[in-house]
file query.cif (mmCIF, C-alpha atoms)
data_coords
loop_
_atom_site.label_atom_id
_atom_site.label_comp_id
_atom_site.auth_asym_id
_atom_site.auth_seq_id
_atom_site.Cartn_x
_atom_site.Cartn_y
_atom_site.Cartn_z
CA MET N 1 0.00 0.00 0.00
CA LYS N 2 1.60 3.28 -1.12
CA LEU N 3 1.52 6.16 1.33
CA THR N 4 0.28 9.52 0.20
CA ALA N 5 2.73 12.40 0.09
CA SER N 6 1.06 13.86 3.18
CA ASP N 7 1.40 10.59 5.13
CA ARG N 8 5.02 10.21 4.06
CA GLY N 9 5.72 13.69 5.34
CA ARG N 10 4.04 13.06 8.71
CA LEU N 11 5.82 9.73 9.15
CA LYS N 12 9.22 11.22 8.32
CA GLY N 13 8.64 14.20 10.58
CA ILE N 14 7.93 12.20 13.73
CA LEU N 15 10.70 9.66 13.12
CA GLN N 16 13.30 12.31 12.37
CA ALA N 17 12.37 14.16 15.56
CA ARG N 18 12.68 10.99 17.62
CA ARG N 19 16.06 10.12 16.06
CA ALA N 20 17.36 13.60 16.78
CA ALA N 21 16.47 13.25 20.47
CA ILE N 22 18.65 10.15 21.05
CA ASP N 23 22.38 10.46 21.66
CA PRO N 24 24.17 7.72 19.67
CA VAL N 25 26.82 7.44 22.41
CA SER N 26 24.11 6.31 24.86
CA LEU N 27 23.52 3.29 22.60
CA GLY N 28 27.14 2.30 22.24
CA PHE N 29 28.24 4.27 19.17
CA PRO N 30 31.56 6.18 19.33
CA GLU N 31 31.52 9.90 19.96
CA ARG N 32 31.78 11.96 16.80
CA ARG N 33 35.11 13.60 16.22
CA PRO N 34 35.62 17.12 14.82
CA GLY N 35 35.93 17.30 11.06
CA PRO N 36 33.90 16.55 7.95
CA GLY N 37 30.87 14.28 8.11
CA ARG N 38 27.30 14.24 9.36
CA ARG N 39 26.37 17.12 11.65
CA ALA N 40 22.69 16.42 12.31
CA ALA N 41 21.82 15.65 15.92
CA GLY N 42 20.90 12.18 17.09
CA LEU N 43 20.96 8.78 15.46
CA SER N 44 21.72 8.48 11.75
CA GLN N 45 19.68 6.28 9.44
CA GLU N 46 22.70 3.97 9.07
CA GLN N 47 22.92 3.61 12.86
CA MET N 48 19.23 2.72 12.90
CA ASP N 49 19.95 -0.14 10.46
CA VAL N 50 22.62 -1.40 12.86
CA LEU N 51 20.32 -1.20 15.88
CA LEU N 52 17.49 -2.88 13.99
CA THR N 53 19.86 -5.53 12.56
CA ARG N 54 18.61 -4.76 9.04
CA THR N 55 20.43 -4.43 5.74
CA LEU N 56 21.81 -1.00 4.91
CA GLY N 57 19.13 1.27 3.52
CA THR N 58 16.16 -0.52 5.11
CA TYR N 59 15.48 2.18 7.66
CA ASN N 60 15.86 4.91 5.03
CA ARG N 61 13.12 3.31 2.94
CA PHE N 62 10.93 2.87 6.02
CA GLU N 63 11.29 6.46 7.22
CA ASN N 64 10.56 7.75 3.72
CA GLY N 65 7.40 5.66 3.42
CA GLN N 66 8.76 3.39 0.73
CA LEU N 67 8.12 0.04 2.47
CA ALA N 68 4.69 -1.38 1.70
CA ALA N 69 2.93 -2.76 4.82
CA PRO N 70 6.05 -3.14 7.01
CA GLY N 71 5.93 -6.14 9.32
CA ALA N 72 4.98 -6.02 12.98
CA ASP N 73 8.51 -7.00 14.01
CA LEU N 74 10.01 -4.02 12.20
CA LEU N 75 7.41 -1.61 13.59
CA THR N 76 8.04 -2.91 17.11
CA SER N 77 11.81 -2.62 16.77
CA VAL N 78 11.60 0.92 15.38
CA ALA N 79 9.16 2.03 18.09
CA ARG N 80 11.23 0.66 20.95
CA THR N 81 14.53 1.88 19.55
CA LEU N 82 13.14 5.40 19.13
CA ARG N 83 11.31 5.22 22.49
CA LEU N 84 7.90 6.05 21.10
CA ASP N 85 4.97 6.46 23.47
CA GLU N 86 1.67 4.64 23.05
CA GLN N 87 0.06 7.38 20.95
CA GLU N 88 3.03 7.44 18.59
CA TRP N 89 2.98 3.62 18.45
CA ALA N 90 -0.67 3.68 17.39
CA PHE N 91 0.13 6.43 14.85
CA LEU N 92 2.92 4.29 13.38
CA TRP N 93 0.50 1.43 12.73
CA MET N 94 -2.30 3.57 11.40
CA ILE N 95 -0.12 5.49 8.96
CA THR N 96 1.88 2.51 7.62
CA ARG N 97 -0.67 -0.33 7.82
CA LYS N 98 -4.03 1.46 8.24
CA GLU N 99 -4.89 -0.60 11.32
CA SER N 100 -4.59 -0.42 15.09
CA PRO N 101 -1.64 -2.16 16.77
CA PRO N 102 -2.39 -5.67 18.07
CA HIS N 103 -0.93 -4.94 21.50
CA ALA N 104 0.46 -2.15 23.61
CA LEU N 105 4.09 -1.19 23.10
CA HIS N 106 5.09 -1.04 26.75
CA GLY N 107 4.28 -3.47 29.54
CA SER N 108 3.42 -0.56 31.83
CA SER N 109 1.04 0.95 29.31
CA GLY N 110 -2.29 2.03 30.74
CA THR N 111 -1.12 2.10 34.36
CA SER N 112 -0.68 5.86 34.62
CA ILE N 113 -3.99 7.68 35.02
CA ALA N 114 -4.09 11.47 35.16
CA GLY N 115 -5.12 12.85 38.54
CA ALA N 116 -7.74 15.03 36.86
CA TRP N 117 -9.97 11.95 36.63
CA GLN N 118 -10.66 12.15 40.37
CA ARG N 119 -12.16 15.60 39.87
CA VAL N 120 -14.20 14.27 36.96
CA THR N 121 -15.65 11.33 38.90
CA ASP N 122 -16.35 13.53 41.94
CA HIS N 123 -18.64 15.64 39.77
CA ILE N 124 -20.60 12.72 38.33
CA HIS N 125 -23.96 12.39 40.09
CA GLY N 126 -26.70 9.86 39.42
CA ALA N 127 -24.26 7.22 38.16
CA LEU N 128 -21.70 4.87 39.65
CA ALA N 129 -18.37 6.02 38.21
CA TYR N 130 -14.83 4.69 38.43
CA VAL N 131 -11.65 4.52 36.38
CA ASN N 132 -9.46 1.44 36.41
CA ASP N 133 -5.99 1.18 34.92
CA ALA N 134 -4.87 -1.51 32.47
CA GLU N 135 -4.18 -3.89 35.36
CA TRP N 136 -7.80 -3.43 36.58
CA ASN N 137 -6.73 -1.50 39.69
CA ILE N 138 -9.39 1.03 40.64
CA VAL N 139 -7.61 4.38 40.49
CA VAL N 140 -10.46 6.80 41.22
CA HIS N 141 -14.17 6.43 41.94
CA ASN N 142 -17.10 8.44 43.18
CA GLU N 143 -19.25 8.10 46.27
CA ALA N 144 -22.10 6.37 44.42
CA PHE N 145 -19.75 3.57 43.36
CA ARG N 146 -18.43 3.09 46.90
CA ARG N 147 -21.96 2.72 48.26
CA LEU N 148 -22.55 -0.32 46.02
CA PHE N 149 -20.36 -2.51 48.23
CA PRO N 150 -20.95 -4.06 51.65
CA ARG N 151 -19.21 -1.96 54.33
CA GLY N 152 -19.05 0.90 51.82
CA GLN N 153 -15.54 0.11 50.62
CA ALA N 154 -14.60 -0.27 46.95
CA PRO N 155 -12.16 -3.08 46.07
CA ALA N 156 -8.58 -2.33 45.08
CA ASN N 157 -8.77 -4.39 41.88
CA VAL N 158 -12.16 -4.73 40.23
CA MET N 159 -11.32 -7.80 38.10
CA ARG N 160 -9.81 -9.70 41.03
CA TRP N 161 -12.84 -8.83 43.14
CA ILE N 162 -15.37 -9.91 40.50
CA LEU N 163 -13.76 -13.25 39.74
CA LEU N 164 -12.10 -14.30 43.02
CA ASP N 165 -13.86 -12.64 45.96
CA PRO N 166 -16.34 -15.04 47.64
CA GLU N 167 -18.58 -12.17 48.76
CA ALA N 168 -18.77 -10.85 45.20
CA ARG N 169 -19.75 -14.29 43.90
CA THR N 170 -22.46 -15.00 46.41
CA ASP N 171 -23.76 -11.71 47.84
CA VAL N 172 -23.24 -8.85 45.39
CA LEU N 173 -23.05 -10.13 41.82
CA MET N 174 -26.30 -11.96 41.27
CA GLN N 175 -26.27 -14.89 38.81
CA TRP N 176 -22.48 -14.69 38.96
CA GLU N 177 -21.74 -17.95 37.13
CA THR N 178 -24.26 -17.57 34.32
CA HIS N 179 -24.14 -13.81 33.71
CA TRP N 180 -21.08 -12.11 35.22
CA VAL N 181 -18.42 -14.67 34.37
CA PRO N 182 -19.27 -14.95 30.65
CA ALA N 183 -19.43 -11.14 30.45
CA ILE N 184 -16.19 -10.41 32.31
CA THR N 185 -13.64 -13.15 31.54
CA PRO N 186 -13.18 -12.16 27.85
CA HIS N 187 -12.17 -8.69 29.07
CA LEU N 188 -9.42 -10.20 31.24
CA LYS N 189 -8.13 -12.38 28.41
CA HIS N 190 -8.09 -9.41 26.04
CA SER N 191 -6.18 -7.23 28.51
CA VAL N 192 -3.51 -9.92 28.93
CA GLU N 193 -3.17 -10.15 25.15
CA LEU N 194 -2.99 -6.35 24.86
CA CYS N 195 -0.13 -6.15 27.40
CA PRO N 196 1.66 -9.52 27.17
CA GLU N 197 4.68 -8.26 29.14
CA ASN N 198 2.63 -6.98 32.08
CA ARG N 199 3.45 -9.17 35.09
CA ALA N 200 0.52 -8.00 37.20
CA LEU N 201 -1.96 -9.02 34.49
CA GLY N 202 -0.16 -12.33 34.02
CA ARG N 203 -0.39 -12.98 37.76
CA LEU N 204 -4.08 -12.07 37.82
CA ALA N 205 -4.87 -14.47 34.97
CA TYR N 206 -2.76 -17.16 36.68
CA ASP N 207 -4.67 -16.76 39.95
CA VAL N 208 -8.01 -16.95 38.16
CA LEU N 209 -6.99 -20.05 36.20
CA ASN N 210 -5.83 -21.77 39.38
CA ASP N 211 -8.95 -20.95 41.36
CA PRO N 212 -11.09 -24.10 41.70
CA VAL N 213 -14.30 -22.18 41.05
CA ALA N 214 -13.30 -19.47 38.58
CA GLY N 215 -10.63 -21.44 36.71
CA PRO N 216 -12.89 -23.89 34.83
CA LEU N 217 -15.32 -21.08 34.02
CA TYR N 218 -12.50 -18.91 32.67
CA LEU N 219 -11.41 -21.72 30.36
CA GLU N 220 -15.00 -22.10 29.18
CA HIS N 221 -15.84 -18.45 28.52
CA ALA N 222 -12.70 -16.30 28.17
CA ALA N 223 -11.94 -17.17 24.54
CA ALA N 224 -15.31 -15.88 23.34
CA PRO N 225 -15.63 -12.44 21.72
CA ILE N 226 -16.19 -9.74 24.31
CA PRO N 227 -19.99 -9.74 24.73
CA TYR N 228 -20.23 -6.03 25.45
CA PHE N 229 -22.35 -3.28 23.96
CA ASP N 230 -23.16 0.18 25.30
CA GLY N 231 -25.97 -0.24 27.77
CA SER N 232 -25.04 -3.79 28.81
CA GLU N 233 -26.98 -4.93 31.87
CA LEU N 234 -26.04 -7.30 34.68
CA PRO N 235 -27.86 -8.25 37.91
CA VAL N 236 -26.54 -6.93 41.19
CA ARG N 237 -27.49 -6.69 44.85
CA HIS N 238 -26.78 -3.11 45.92
CA ALA N 239 -25.59 -2.84 49.53
CA VAL N 240 -28.03 0.01 50.19
CA HIS N 241 -30.88 -0.41 47.70
CA GLY N 242 -31.08 -4.19 47.26
CA ALA N 243 -31.56 -6.29 44.14
CA GLY N 244 -31.53 -4.60 40.75
CA ARG N 245 -29.38 -4.20 37.68
CA LEU N 246 -26.41 -2.18 36.48
CA THR N 247 -26.58 -0.60 33.04
CA THR N 248 -23.02 0.17 31.92
CA CYS N 249 -21.18 2.24 29.34
CA LEU N 250 -17.40 2.04 28.93
CA ALA N 251 -14.78 4.36 27.47
CA GLU N 252 -10.97 4.44 27.32
CA PRO N 253 -8.73 7.34 28.36
CA VAL N 254 -6.79 8.51 25.30
CA THR N 255 -3.44 8.52 27.11
CA ALA N 256 -3.87 5.16 28.87
CA PRO N 257 -4.67 2.32 26.45
CA GLY N 258 -6.22 -0.63 28.23
CA ALA N 259 -7.61 1.49 31.06
CA ARG N 260 -11.37 1.90 31.39
CA ILE N 261 -13.82 4.60 32.38
CA ASN N 262 -16.89 2.83 33.74
CA LEU N 263 -20.23 4.60 34.11
CA SER N 264 -23.12 2.50 35.45
CA PHE N 265 -26.70 3.26 36.35
CA TYR N 266 -28.41 1.24 39.06
CA THR N 267 -32.08 0.34 38.61
CA PRO N 268 -33.93 -1.56 41.35
CA GLY N 269 -36.19 -4.49 40.58
CA ALA N 270 -36.13 -7.88 38.89
CA PHE N 271 -33.47 -8.47 36.28
CA VAL N 272 -34.43 -9.64 32.81
CA LEU N 273 -31.55 -10.61 30.53
CA PRO N 274 -31.72 -8.26 27.52
CA GLU N 275 -31.57 -9.66 24.02
CA LEU N 276 -28.13 -9.17 22.48
CA PRO N 277 -27.97 -7.15 19.26
CA ARG N 278 -28.00 -9.31 16.15
CA THR N 279 -24.76 -9.43 14.14
CA ASP N 280 -26.11 -11.21 11.05
CA GLN N 281 -27.92 -8.23 9.58
#
call {"tool": "encode", "arguments": {"input": "query.cif", "output": "structure tokens"}}
result
Amino acid sequence: MKLTASDRGRLKGILQARRAAIDPVSLGFPERRPGPGRRAAGLSQEQMDVLLTRTLGTYNRFENGQLAAPGADLLTSVARTLRLDEQEWAFLWMITRKESPPHALHGSSGTSIAGAWQRVTDHIHGALAYVNDAEWNIVVHNEAFRRLFPRGQAPANVMRWILLDPEARTDVLMQWETHWVPAITPHLKHSVELCPENRALGRLAYDVLNDPVAGPLYLEHAAAPIPYFDGSELPVRHAVHGAGRLTTCLAEPVTAPGARINLSFYTPGAFVLPELPRTDQ
């Protein structure tokens, strides 16, 4: 797929800027001596070929948009060598392959949530609101969310609580085995695949798999497509208001891929499983 002149210019601009910001000496290259030769700051294109273990001229063609659909291994090597952030990593994929990256670039991706989100959730009224990072740790939440739980205390990790906490299984999350587990376990599997180097996520999945109750259910349901749509409903027993349902909408912070903004509305009364939208139309 040939890049347009505009896309070639944008690709070259960001890669040149990143090369210029890296001192070659910090990566093992000798310090430049006075005299004739290259004077531009940062890594040269030839040094990039060395670092990427590619034939001479490969990086030049890549930076100038002359490689059609470069492979994932090359994109990963370039991104890590030039120390791209997650937004630049996504840009690299979109501009060269016209698709989103299959996984995050850094194992710690999605674990840094801006403090401004606490102010946001504090001003949300009429809905249960929280933000979890890519490891499913609850970073911020509002008062309405806290009141959902027995003893009025939100869990530290929402995924660990949903799948492994006995009180969640039996007292709070109604129809846990038939409704919550099939809805939640694909999210956990997807997050592990998104951040394969994240040890905390790997440990969480390991603990779930080795739990005698949750483990077999995870194996049964986690590989399914994520059964989520805006307005998904699940049965719950609210600590203050009793049995009802949560209607949920999710979003992702732009600067924290894999994190989630969760907004849920509690409605009291009997739960009726809604009909899933049809996908064959």
call {"tool": "resolve_selection", "arguments": {"input": "query.cif", "expression": "the PyMOL selection byres ((chain N and resi 205) around 12)", "output": "ChimeraX atom specification"}}
result
/N:135-136,159-160,163-164,185-193,196,198-204,206-211,214-215,218-219,222
call {"tool": "residues_around", "arguments": {"input": "query.cif", "residues": "N:Leu105", "least_positions_apart": "2", "cutoff": "9 Å", "atoms": "all atoms listed in the file", "output": "MDAnalysis selection string"}}
result
chainID N and resid 76 79:80 84:86 89:90 101 103 107:109 194:195
call {"tool": "resolve_selection", "arguments": {"input": "query.cif", "expression": "the PyMOL selection byres ((chain N and resi 268) around 12)", "output": "PyMOL selection string"}}
result
chain N and resi 234-247+265-267+269-272
call {"tool": "resolve_selection", "arguments": {"input": "query.cif", "expression": "the PyMOL selection byres ((chain N and resi 251) around 9)", "output": "mmCIF file with C-alpha atoms, keeping the file's coordinate frame"}}
result
data_model
loop_
_atom_site.group_PDB
_atom_site.id
_atom_site.type_symbol
_atom_site.label_atom_id
_atom_site.label_comp_id
_atom_site.auth_asym_id
_atom_site.auth_seq_id
_atom_site.Cartn_x
_atom_site.Cartn_y
_atom_site.Cartn_z
ATOM 1 C CA CYS N 249 -21.180 2.240 29.340
ATOM 2 C CA LEU N 250 -17.400 2.040 28.930
ATOM 3 C CA GLU N 252 -10.970 4.440 27.320
ATOM 4 C CA PRO N 253 -8.730 7.340 28.360
ATOM 5 C CA ALA N 259 -7.610 1.490 31.060
ATOM 6 C CA ARG N 260 -11.370 1.900 31.390
ATOM 7 C CA ILE N 261 -13.820 4.600 32.380
ATOM 8 C CA ASN N 262 -16.890 2.830 33.740
ATOM 9 C CA LEU N 263 -20.230 4.600 34.110
#
call {"tool": "atom_distance", "arguments": {"input": "query.cif", "atom1": "atom CA of N:Val213", "atom2": "atom CA of N:Asp171"}}
result
15.7 Å
call {"tool": "closest_residue", "arguments": {"input": "query.cif", "among": "N:Gly258, N:Pro212, N:Gly42, N:Pro150", "to": "N:Leu15", "atoms": "only C-alpha atoms"}}
result
N:Gly42
call {"tool": "atom_distance", "arguments": {"input": "query.cif", "atom1": "atom CA of N:Ala127", "atom2": "atom CA of N:Glu177"}}
result
25.3 Å
call {"tool": "closest_residue", "arguments": {"input": "query.cif", "among": "N:Ala40, N:Ala223, N:Ala168, N:Ala156", "to": "N:Ala183", "atoms": "all atoms listed in the file"}}
result
N:Ala223
call {"tool": "closest_residue", "arguments": {"input": "query.cif", "among": "N:Leu52, N:Val172, N:Val181, N:Ile162", "to": "N:Arg147", "atoms": "only C-alpha atoms"}}
result
N:Val172
call {"tool": "closest_residue", "arguments": {"input": "query.cif", "among": "N:Ser44, N:Thr255, N:Gln118, N:Thr55", "to": "N:Asp23", "atoms": "all atoms listed in the file"}}
result
N:Ser44
call {"tool": "atom_distance", "arguments": {"input": "query.cif", "atom1": "atom CA of N:Glu197", "atom2": "atom CA of N:Ser26"}}
result
24.7 Å
call {"tool": "closest_residue", "arguments": {"input": "query.cif", "among": "N:Val158, N:Leu11, N:Ile124, N:Leu217", "to": "N:Ile138", "atoms": "only C-alpha atoms"}}
result
N:Val158
call {"tool": "closest_residue", "arguments": {"input": "query.cif", "among": "N:Leu56, N:Phe29, N:Arg18, N:Thr96", "to": "N:Lys2", "atoms": "all atoms listed in the file"}}
result
N:Thr96
call {"tool": "decode", "arguments": {"input": "query.cif", "residues": "stretch 155-248 of chain N", "atoms": "C-alpha atoms", "output": "mmCIF file, in the first residue's frame"}}
result
data_model
loop_
_atom_site.group_PDB
_atom_site.id
_atom_site.type_symbol
_atom_site.label_atom_id
_atom_site.label_comp_id
_atom_site.auth_asym_id
_atom_site.auth_seq_id
_atom_site.Cartn_x
_atom_site.Cartn_y
_atom_site.Cartn_z
ATOM 1 C CA PRO N 155 -12.160 -3.083 46.070
ATOM 2 C CA ALA N 156 -8.580 -2.328 45.083
ATOM 3 C CA ASN N 157 -8.772 -4.389 41.881
ATOM 4 C CA VAL N 158 -12.158 -4.729 40.228
ATOM 5 C CA MET N 159 -11.324 -7.804 38.097
ATOM 6 C CA ARG N 160 -9.807 -9.704 41.026
ATOM 7 C CA TRP N 161 -12.837 -8.829 43.142
ATOM 8 C CA ILE N 162 -15.371 -9.905 40.497
ATOM 9 C CA LEU N 163 -13.763 -13.254 39.742
ATOM 10 C CA LEU N 164 -12.104 -14.297 43.020
ATOM 11 C CA ASP N 165 -13.855 -12.639 45.963
ATOM 12 C CA PRO N 166 -16.340 -15.039 47.645
ATOM 13 C CA GLU N 167 -18.577 -12.168 48.757
ATOM 14 C CA ALA N 168 -18.766 -10.849 45.197
ATOM 15 C CA ARG N 169 -19.753 -14.288 43.896
ATOM 16 C CA THR N 170 -22.462 -15.002 46.415
ATOM 17 C CA ASP N 171 -23.758 -11.713 47.836
ATOM 18 C CA VAL N 172 -23.238 -8.847 45.393
ATOM 19 C CA LEU N 173 -23.049 -10.132 41.818
ATOM 20 C CA MET N 174 -26.303 -11.965 41.271
ATOM 21 C CA GLN N 175 -26.274 -14.888 38.813
ATOM 22 C CA TRP N 176 -22.477 -14.692 38.963
ATOM 23 C CA GLU N 177 -21.743 -17.950 37.134
ATOM 24 C CA THR N 178 -24.265 -17.565 34.320
ATOM 25 C CA HIS N 179 -24.142 -13.806 33.710
ATOM 26 C CA TRP N 180 -21.083 -12.111 35.220
ATOM 27 C CA VAL N 181 -18.417 -14.674 34.373
ATOM 28 C CA PRO N 182 -19.270 -14.946 30.651
ATOM 29 C CA ALA N 183 -19.428 -11.141 30.445
ATOM 30 C CA ILE N 184 -16.189 -10.411 32.310
ATOM 31 C CA THR N 185 -13.642 -13.145 31.542
ATOM 32 C CA PRO N 186 -13.176 -12.158 27.846
ATOM 33 C CA HIS N 187 -12.172 -8.690 29.071
ATOM 34 C CA LEU N 188 -9.423 -10.203 31.236
ATOM 35 C CA LYS N 189 -8.130 -12.378 28.415
ATOM 36 C CA HIS N 190 -8.093 -9.414 26.040
ATOM 37 C CA SER N 191 -6.180 -7.231 28.508
ATOM 38 C CA VAL N 192 -3.511 -9.925 28.931
ATOM 39 C CA GLU N 193 -3.166 -10.149 25.146
ATOM 40 C CA LEU N 194 -2.986 -6.347 24.863
ATOM 41 C CA CYS N 195 -0.131 -6.146 27.401
ATOM 42 C CA PRO N 196 1.663 -9.516 27.166
ATOM 43 C CA GLU N 197 4.676 -8.261 29.144
ATOM 44 C CA ASN N 198 2.634 -6.980 32.081
ATOM 45 C CA ARG N 199 3.453 -9.168 35.086
ATOM 46 C CA ALA N 200 0.521 -8.001 37.195
ATOM 47 C CA LEU N 201 -1.958 -9.025 34.494
ATOM 48 C CA GLY N 202 -0.164 -12.328 34.024
ATOM 49 C CA ARG N 203 -0.393 -12.984 37.764
ATOM 50 C CA LEU N 204 -4.080 -12.072 37.822
ATOM 51 C CA ALA N 205 -4.866 -14.475 34.972
ATOM 52 C CA TYR N 206 -2.758 -17.162 36.684
ATOM 53 C CA ASP N 207 -4.672 -16.760 39.952
ATOM 54 C CA VAL N 208 -8.012 -16.947 38.157
ATOM 55 C CA LEU N 209 -6.991 -20.048 36.204
ATOM 56 C CA ASN N 210 -5.830 -21.770 39.376
ATOM 57 C CA ASP N 211 -8.953 -20.953 41.362
ATOM 58 C CA PRO N 212 -11.088 -24.102 41.697
ATOM 59 C CA VAL N 213 -14.304 -22.176 41.054
ATOM 60 C CA ALA N 214 -13.304 -19.471 38.580
ATOM 61 C CA GLY N 215 -10.631 -21.441 36.710
ATOM 62 C CA PRO N 216 -12.886 -23.893 34.832
ATOM 63 C CA LEU N 217 -15.322 -21.081 34.023
ATOM 64 C CA TYR N 218 -12.499 -18.915 32.669
ATOM 65 C CA LEU N 219 -11.415 -21.723 30.361
ATOM 66 C CA GLU N 220 -15.004 -22.099 29.176
ATOM 67 C CA HIS N 221 -15.835 -18.454 28.516
ATOM 68 C CA ALA N 222 -12.698 -16.298 28.168
ATOM 69 C CA ALA N 223 -11.935 -17.166 24.537
ATOM 70 C CA ALA N 224 -15.310 -15.880 23.342
ATOM 71 C CA PRO N 225 -15.625 -12.438 21.723
ATOM 72 C CA ILE N 226 -16.185 -9.736 24.313
ATOM 73 C CA PRO N 227 -19.993 -9.740 24.731
ATOM 74 C CA TYR N 228 -20.229 -6.027 25.451
ATOM 75 C CA PHE N 229 -22.346 -3.283 23.961
ATOM 76 C CA ASP N 230 -23.160 0.177 25.296
ATOM 77 C CA GLY N 231 -25.968 -0.238 27.774
ATOM 78 C CA SER N 232 -25.037 -3.786 28.805
ATOM 79 C CA GLU N 233 -26.981 -4.931 31.866
ATOM 80 C CA LEU N 234 -26.036 -7.295 34.677
ATOM 81 C CA PRO N 235 -27.865 -8.245 37.906
ATOM 82 C CA VAL N 236 -26.543 -6.933 41.194
ATOM 83 C CA ARG N 237 -27.485 -6.688 44.854
ATOM 84 C CA HIS N 238 -26.778 -3.112 45.919
ATOM 85 C CA ALA N 239 -25.588 -2.842 49.526
ATOM 86 C CA VAL N 240 -28.030 0.009 50.195
ATOM 87 C CA HIS N 241 -30.882 -0.414 47.700
ATOM 88 C CA GLY N 242 -31.076 -4.186 47.263
ATOM 89 C CA ALA N 243 -31.556 -6.290 44.142
ATOM 90 C CA GLY N 244 -31.528 -4.604 40.752
ATOM 91 C CA ARG N 245 -29.380 -4.203 37.678
ATOM 92 C CA LEU N 246 -26.406 -2.175 36.480
ATOM 93 C CA THR N 247 -26.580 -0.600 33.037
ATOM 94 C CA THR N 248 -23.024 0.167 31.925
#
